[in-house]
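Okay, so here's the structure we're looking at.
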Amino acid sequence: MENEIIEKLTPIFRKVFKEPALEVTATLSANDVEKWDSLSHLILISTVESEFGVKFKLKELVAMKNAGDLIKLIETKLQ
Amino acid sequence: MLEFIKKSCEKFPERNSFYINDQPFSYKTLSGKISAIRLSIEETDQSETNLVGVLLHDDIETYAAVFGILFAGKGFVPINPEVPLDRNASIIEQSEIQTILASKMDAELKEYCISNNISVINSAELKETPINLELPNISDESIAYLLFTSGSTGIPKGVPIRRKNLNAFIDAFFALGYQIDENDKFLQMFELTFDLSIMSYMVPLCKGACVYTVSPEQIKYMAIYSLLEDHEITFALMVPSILSYLKPYFDDIRLEKLKYSLFCGEALYKDIAEDWKNCVPNALLQNVYGPTEATIFCLTYDINSSDSKEYNGILCIGKPMKNVEAIIVDENLKSLSSTQKGELCLYGSQNTAGYWKNPEKNKEAFFTITENGLDKIYYKTGDLAYFDENGEFLYAGRIDNQVKIDGFRVELSEIEHHAREFTKKTNAVAIAFQNNIGNTQIVLCIEKFTEGEEELMTFLKTKLPVYMIPSNVQSLDVFPLNINGKIDRKAIKKQIESTL
């Protein structure tokens with residue numbers, strides 16, 4: 001499940017942050033990606049929501065510290 | 001102002017003054033750090049301008065440095081380590097700083113300081129000293145701080161704010177009748193080069209309240225929401241663009257403890273402000289307005305109910321605070337009557353006496369009106385506005401080529417200046433447009449641009465702060481001209497918008 005999600009997330013991350021070689025790992029966070037700011041974060045979240053057909057709550061997003069948290073969150077939503 | 005802060009330190013030693021990165025700092029800790037920094041400055045700094053630099057980090061040493069400098073009788077110049085060295089060097093040279101306080105410093109800046117004979121005081125490693133919060137014996141004409149804003153020539157321009165200006169702001173602020181005491185909790189979401197930060201940390205310290213800073217390491221709007229919710233913040237001054245980010249979640253937000261919710265730095269739209277009202281049911285919503293030149297803010301408007309005033313959807317900016325007079329003038333600087341649109345001009349004890357060593361810019365931005373034998377020097381804000389029959393001001397946009405990005409003033413011509421420097425071409429136009437969540441973004445258009453976008457961006461990043469970097473570069477075969485033969489910015493904007 002996790003790998004499937006990463007596979008689907010990778011092109012989204014690459015497109016949103018304009019980094020064609022970006023590798024999505026569990027520890028990847030805003031500190032590692034130059035273009036990961038408020039605006040790109042918002043675009044990332046809305047793209048993930050529409051691609052996976054899920055909807056996040058503000059509290060869930062606030063608790064999210066890195067890509068690993070996002071993967072877990074998607075996993076719970078899909079179950 | 002320092003007198004109030006001294007009182008808070010003496011009256012509330014055990015209460016929290018700051019809460020930074022999940023860590024509280026008491027007033028006692030703060031006054032200890034201020035005293036040590038003060039002594040180190042008094043022993044070291046010999047500058048003629050009496051200005052001392054502070055390298056900005058999200059830590060207690062940085063805030064203590066600001067007050068240490070003020071208690072030492074000097075003025076502070078904030079220096080952002082994230083900004084290209086070129087730009088910081090210009091700020092350091094212009095203000096003739098000889099001492100910089102820093103809790104940490106990168107190698108590049110360190111090297112610059114060594115080769116330019118600038119002393120660096122490590123504010124994190126100072127020895128403990130006896131508490132000394134004696135008020136400095138200096139004139140209130142002396143500079144409290146010097147901030148640099150975007151300049152159209154490519155060189156940042158300095159705005160010196162004197163102690164009397166800052167005191168006038170504090171005086172007028174408290175005259176607005178806010179109920180604030182030592183139990184209040186203030187949000188501090190601004191970079192310290194932005195003067196809205198000064199209100200966000202100085203006002204609470206005047207009352208013994210606590211300042212909650214937004215960590216720069218997190219996504220800003222998320223970090224802000226966390227603080228508001230988890231710590232039950234009671235007073236929050238924010239830029240309106242934060243609301244655009246939070247809007248999709250308004251239904252999830254209910255901040256019962258927020259008493260005052262202020263907005264400043266950009267146009268605040270009526271519809272989003274009214275939706276926000278439901279998230280903060282017990283708060284007084286205010287739209288406040290003011291340029292750095294007139295000290296933090298100087299007009300305020302209470303947003304009461306659905307009948308609040310607006311122009312083109314932008315909320316009213318209200319009436320001048322007690323030490324400020326506002327007028328509207330035409331191109332010939334003739335004062336206009338109510339409902340007539342013109343340039344908003346400000347006079348009063350919050351006004352800077354003029355730009356730092358820049359007589360040319362002063363001639364452009366200030367003018368005198370003699371009234372009953374009194375010479376009143378007005379500052380031209382560059383903002384288009386009018387006032388209604390009740391004397392309340394409505395904002396109608398910019399007169400010149402300036403835009404706001406997340407509340408920061410940006411001269412589009414400064415971006416163009418550096419783009420031309422790189423491309424060696426004449427035609428470069430920076431266009432600001434609203435993106436689909438309603439915030440401002442910049443696209444750089446260059447005529448027949450064939451060089452690498454990446455190289456250009458890399459170059460711009462060595463010259464400009466992050467918020468001024470265009471989100472992308474577009475090449476146009478020919479720039480459209482208007483009937484006067486000038487580059488038609490509006491036409492370019494239309495072309496660009498159709499491609500985005």
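Residue numbers start at 1 in each chain; chains themselves are named A, B, ... in the order of the structure tokens; ligands are numbered from 1 in the order shown.
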
Enumerate, as a VMD selection string, the complete set of residues in chain A that a backbone-based DSSP assignment places in alpha helix (DSSP H). chain A and resid 2 to 16 38 to 52 58 to 63 67 to 78

Please produce a file of the residues just selected, as an mmCIF file, in the first residue's frame, where the atoms kept are C-alpha atoms.
data_model
loop_
_atom_site.group_PDB
_atom_site.id
_atom_site.type_symbol
_atom_site.label_atom_id
_atom_site.label_comp_id
_atom_site.auth_asym_id
_atom_site.auth_seq_id
_atom_site.Cartn_x
_atom_site.Cartn_y
_atom_site.Cartn_z
ATOM 1 C CA GLU A 2 2.711 2.425 1.056
ATOM 2 C CA ASN A 3 4.716 1.841 -2.103
ATOM 3 C CA GLU A 4 1.667 2.332 -4.268
ATOM 4 C CA ILE A 5 0.987 5.629 -2.580
ATOM 5 C CA ILE A 6 4.611 6.778 -3.006
ATOM 6 C CA GLU A 7 4.465 5.803 -6.647
ATOM 7 C CA LYS A 8 1.384 7.934 -7.127
ATOM 8 C CA LEU A 9 2.722 10.813 -5.018
ATOM 9 C CA THR A 10 6.084 11.099 -6.768
ATOM 10 C CA PRO A 11 4.883 12.724 -10.013
ATOM 11 C CA ILE A 12 2.649 15.059 -7.973
ATOM 12 C CA PHE A 13 5.575 16.212 -5.795
ATOM 13 C CA ARG A 14 7.839 16.583 -8.824
ATOM 14 C CA LYS A 15 5.315 18.710 -10.665
ATOM 15 C CA VAL A 16 4.280 20.915 -7.723
ATOM 16 C CA SER A 38 2.760 28.114 1.732
ATOM 17 C CA LEU A 39 1.516 28.370 -1.832
ATOM 18 C CA SER A 40 3.043 25.130 -3.154
ATOM 19 C CA HIS A 41 1.884 23.347 0.011
ATOM 20 C CA LEU A 42 -1.665 24.431 -0.674
ATOM 21 C CA ILE A 43 -1.375 23.234 -4.288
ATOM 22 C CA LEU A 44 0.184 19.956 -3.131
ATOM 23 C CA ILE A 45 -2.647 19.267 -0.694
ATOM 24 C CA SER A 46 -5.417 20.074 -3.148
ATOM 25 C CA THR A 47 -3.755 17.979 -5.872
ATOM 26 C CA VAL A 48 -3.348 15.014 -3.506
ATOM 27 C CA GLU A 49 -6.965 15.374 -2.420
ATOM 28 C CA SER A 50 -8.278 15.250 -5.962
ATOM 29 C CA GLU A 51 -5.881 12.536 -7.231
ATOM 30 C CA PHE A 52 -6.610 10.186 -4.312
ATOM 31 C CA LEU A 58 -7.224 21.109 9.046
ATOM 32 C CA LYS A 59 -6.153 19.365 12.276
ATOM 33 C CA GLU A 60 -4.755 16.421 10.307
ATOM 34 C CA LEU A 61 -2.773 18.758 8.083
ATOM 35 C CA VAL A 62 -1.394 20.692 11.023
ATOM 36 C CA ALA A 63 -0.094 17.474 12.585
ATOM 37 C CA ALA A 67 5.869 13.120 3.540
ATOM 38 C CA GLY A 68 5.703 10.020 5.785
ATOM 39 C CA ASP A 69 2.846 11.580 7.752
ATOM 40 C CA LEU A 70 1.092 12.404 4.488
ATOM 41 C CA ILE A 71 1.470 8.798 3.276
ATOM 42 C CA LYS A 72 0.045 7.438 6.554
ATOM 43 C CA LEU A 73 -2.800 9.927 6.404
ATOM 44 C CA ILE A 74 -3.716 8.894 2.849
ATOM 45 C CA GLU A 75 -3.513 5.244 3.882
ATOM 46 C CA THR A 76 -5.988 5.742 6.764
ATOM 47 C CA LYS A 77 -8.337 7.704 4.532
ATOM 48 C CA LEU A 78 -8.325 5.005 1.842
#

For range 368-379 of chain B, list every protein, DNA or RNA residue within 10 Å, evaluated using only C-alpha atoms, and leave out those in the same chain fewer than 3 positions away; present the list as a ChimeraX atom specification. /B:291,293-294,325-327,333-335,344-348,351-354,362,364-365,382

Chain B contacts to chain A at 7 Å (only C-alpha atoms) as JSON, numbers by chain: {"B": [217, 219, 220, 221, 222, 226, 249, 252]}

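Here CA of Thr27 in chain A and CA of Met1 in chain A stand 17.5 Å from one another.
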
Provide the CA of Leu284 in chain B to CA of Leu262 in chain B distance in Å, to one decimal place. 8.1 Å

Near-Leu30 in chain B list (9 Å; only C-alpha atoms; drop same-chain fewer than 2 positions) as a list in words: Cys9, Pro13, Ser17, Phe18, Phe25, Ser26, Tyr27, Lys28, Gly32, Lys33, Ile34, Ser35, Ile60, Glu61, Tyr63 and Ala64 of chain B

Given only C-alpha atoms, how would the per-residue table for range 2-79 of chain B near range 92-98 of chain B read, listing every residue at most 12 Å away with its closest atom pair and distance in Å to one decimal, sorted by chain and number, as a tab-separated table?
residue	atom	partner	partner_atom	distance
B:Ile41	CA	B:Gln98	CA	10.6
B:Thr44	CA	B:Gln98	CA	9.2
B:Asp45	CA	B:Gln98	CA	6.7
B:Gln46	CA	B:Gln98	CA	7.3
B:Ser47	CA	B:Gln98	CA	5.7
B:Glu48	CA	B:Glu96	CA	7.9
B:Thr49	CA	B:Glu96	CA	6.6
B:Asn50	CA	B:Ile97	CA	8.0
B:Leu51	CA	B:Ile97	CA	5.8
B:Val52	CA	B:Ile97	CA	5.6
B:Gly53	CA	B:Ile97	CA	6.4
B:Val54	CA	B:Ile97	CA	10.2
B:Leu55	CA	B:Ile92	CA	11.2
B:Lys74	CA	B:Ile97	CA	11.1
B:Gly75	CA	B:Ile97	CA	10.2
B:Phe76	CA	B:Ile97	CA	9.5
B:Val77	CA	B:Ser95	CA	8.0
B:Pro78	CA	B:Ile92	CA	9.8
B:Ile79	CA	B:Ile92	CA	8.4

Determine, counting only C-alpha atoms, which protein, DNA and RNA residues have an atom within 10 Å of an atom of Gly452 in chain B; residues of the same chain fewer than 4 positions away are not included. Present the result as a ChimeraX atom specification. /B:423,456-458,473

Grab the CA of Ile492 in chain B to CA of Val466 in chain B distance for me, in Å with one decimal place. 23.8 Å

Would you list the contacts of range 238-244 of chain B as a count of residues only, taking every protein, DNA or RNA residue within 10 Å and counting only C-alpha atoms, but skipping same-chain residues closer than 6 positions in sequence? 37

Name the residues of range 191-246 of chain B that come out as strand (DSSP E or B) in a backbone DSSP run; write them as a VMD selection string. chain B and resid 210 to 213 235 to 238

Produce a file of the selected residues containing N, CA and C atoms, as a short mmCIF file (atom, residue, chain, number, x, y, z; two decimals), in the first residue's frame.
data_model
loop_
_atom_site.label_atom_id
_atom_site.label_comp_id
_atom_site.auth_asym_id
_atom_site.auth_seq_id
_atom_site.Cartn_x
_atom_site.Cartn_y
_atom_site.Cartn_z
N CYS B 210 2.49 37.86 26.69
CA CYS B 210 3.44 36.92 26.09
C CYS B 210 3.35 36.92 24.55
N VAL B 211 4.51 36.84 23.90
CA VAL B 211 4.60 36.85 22.44
C VAL B 211 4.83 35.43 21.93
N TYR B 212 3.98 34.96 21.04
CA TYR B 212 4.13 33.62 20.44
C TYR B 212 4.63 33.79 19.02
N THR B 213 5.86 33.32 18.76
CA THR B 213 6.42 33.53 17.43
C THR B 213 6.15 32.34 16.51
N PHE B 235 -4.63 38.02 20.78
CA PHE B 235 -4.45 39.19 19.92
C PHE B 235 -3.61 38.75 18.72
N ALA B 236 -4.16 38.91 17.52
CA ALA B 236 -3.43 38.48 16.32
C ALA B 236 -3.50 39.53 15.23
N LEU B 237 -2.33 40.04 14.86
CA LEU B 237 -2.22 40.91 13.68
C LEU B 237 -1.66 40.04 12.56
N MET B 238 -2.38 39.99 11.43
CA MET B 238 -1.94 39.12 10.32
C MET B 238 -2.04 39.86 8.99
#

Which residue out of A:Leu28, A:Ala21, A:Val54, A:Glu34 has the minimum interatomic distance to Lys461 in chain B when only C-alpha atoms are used? A:Glu34
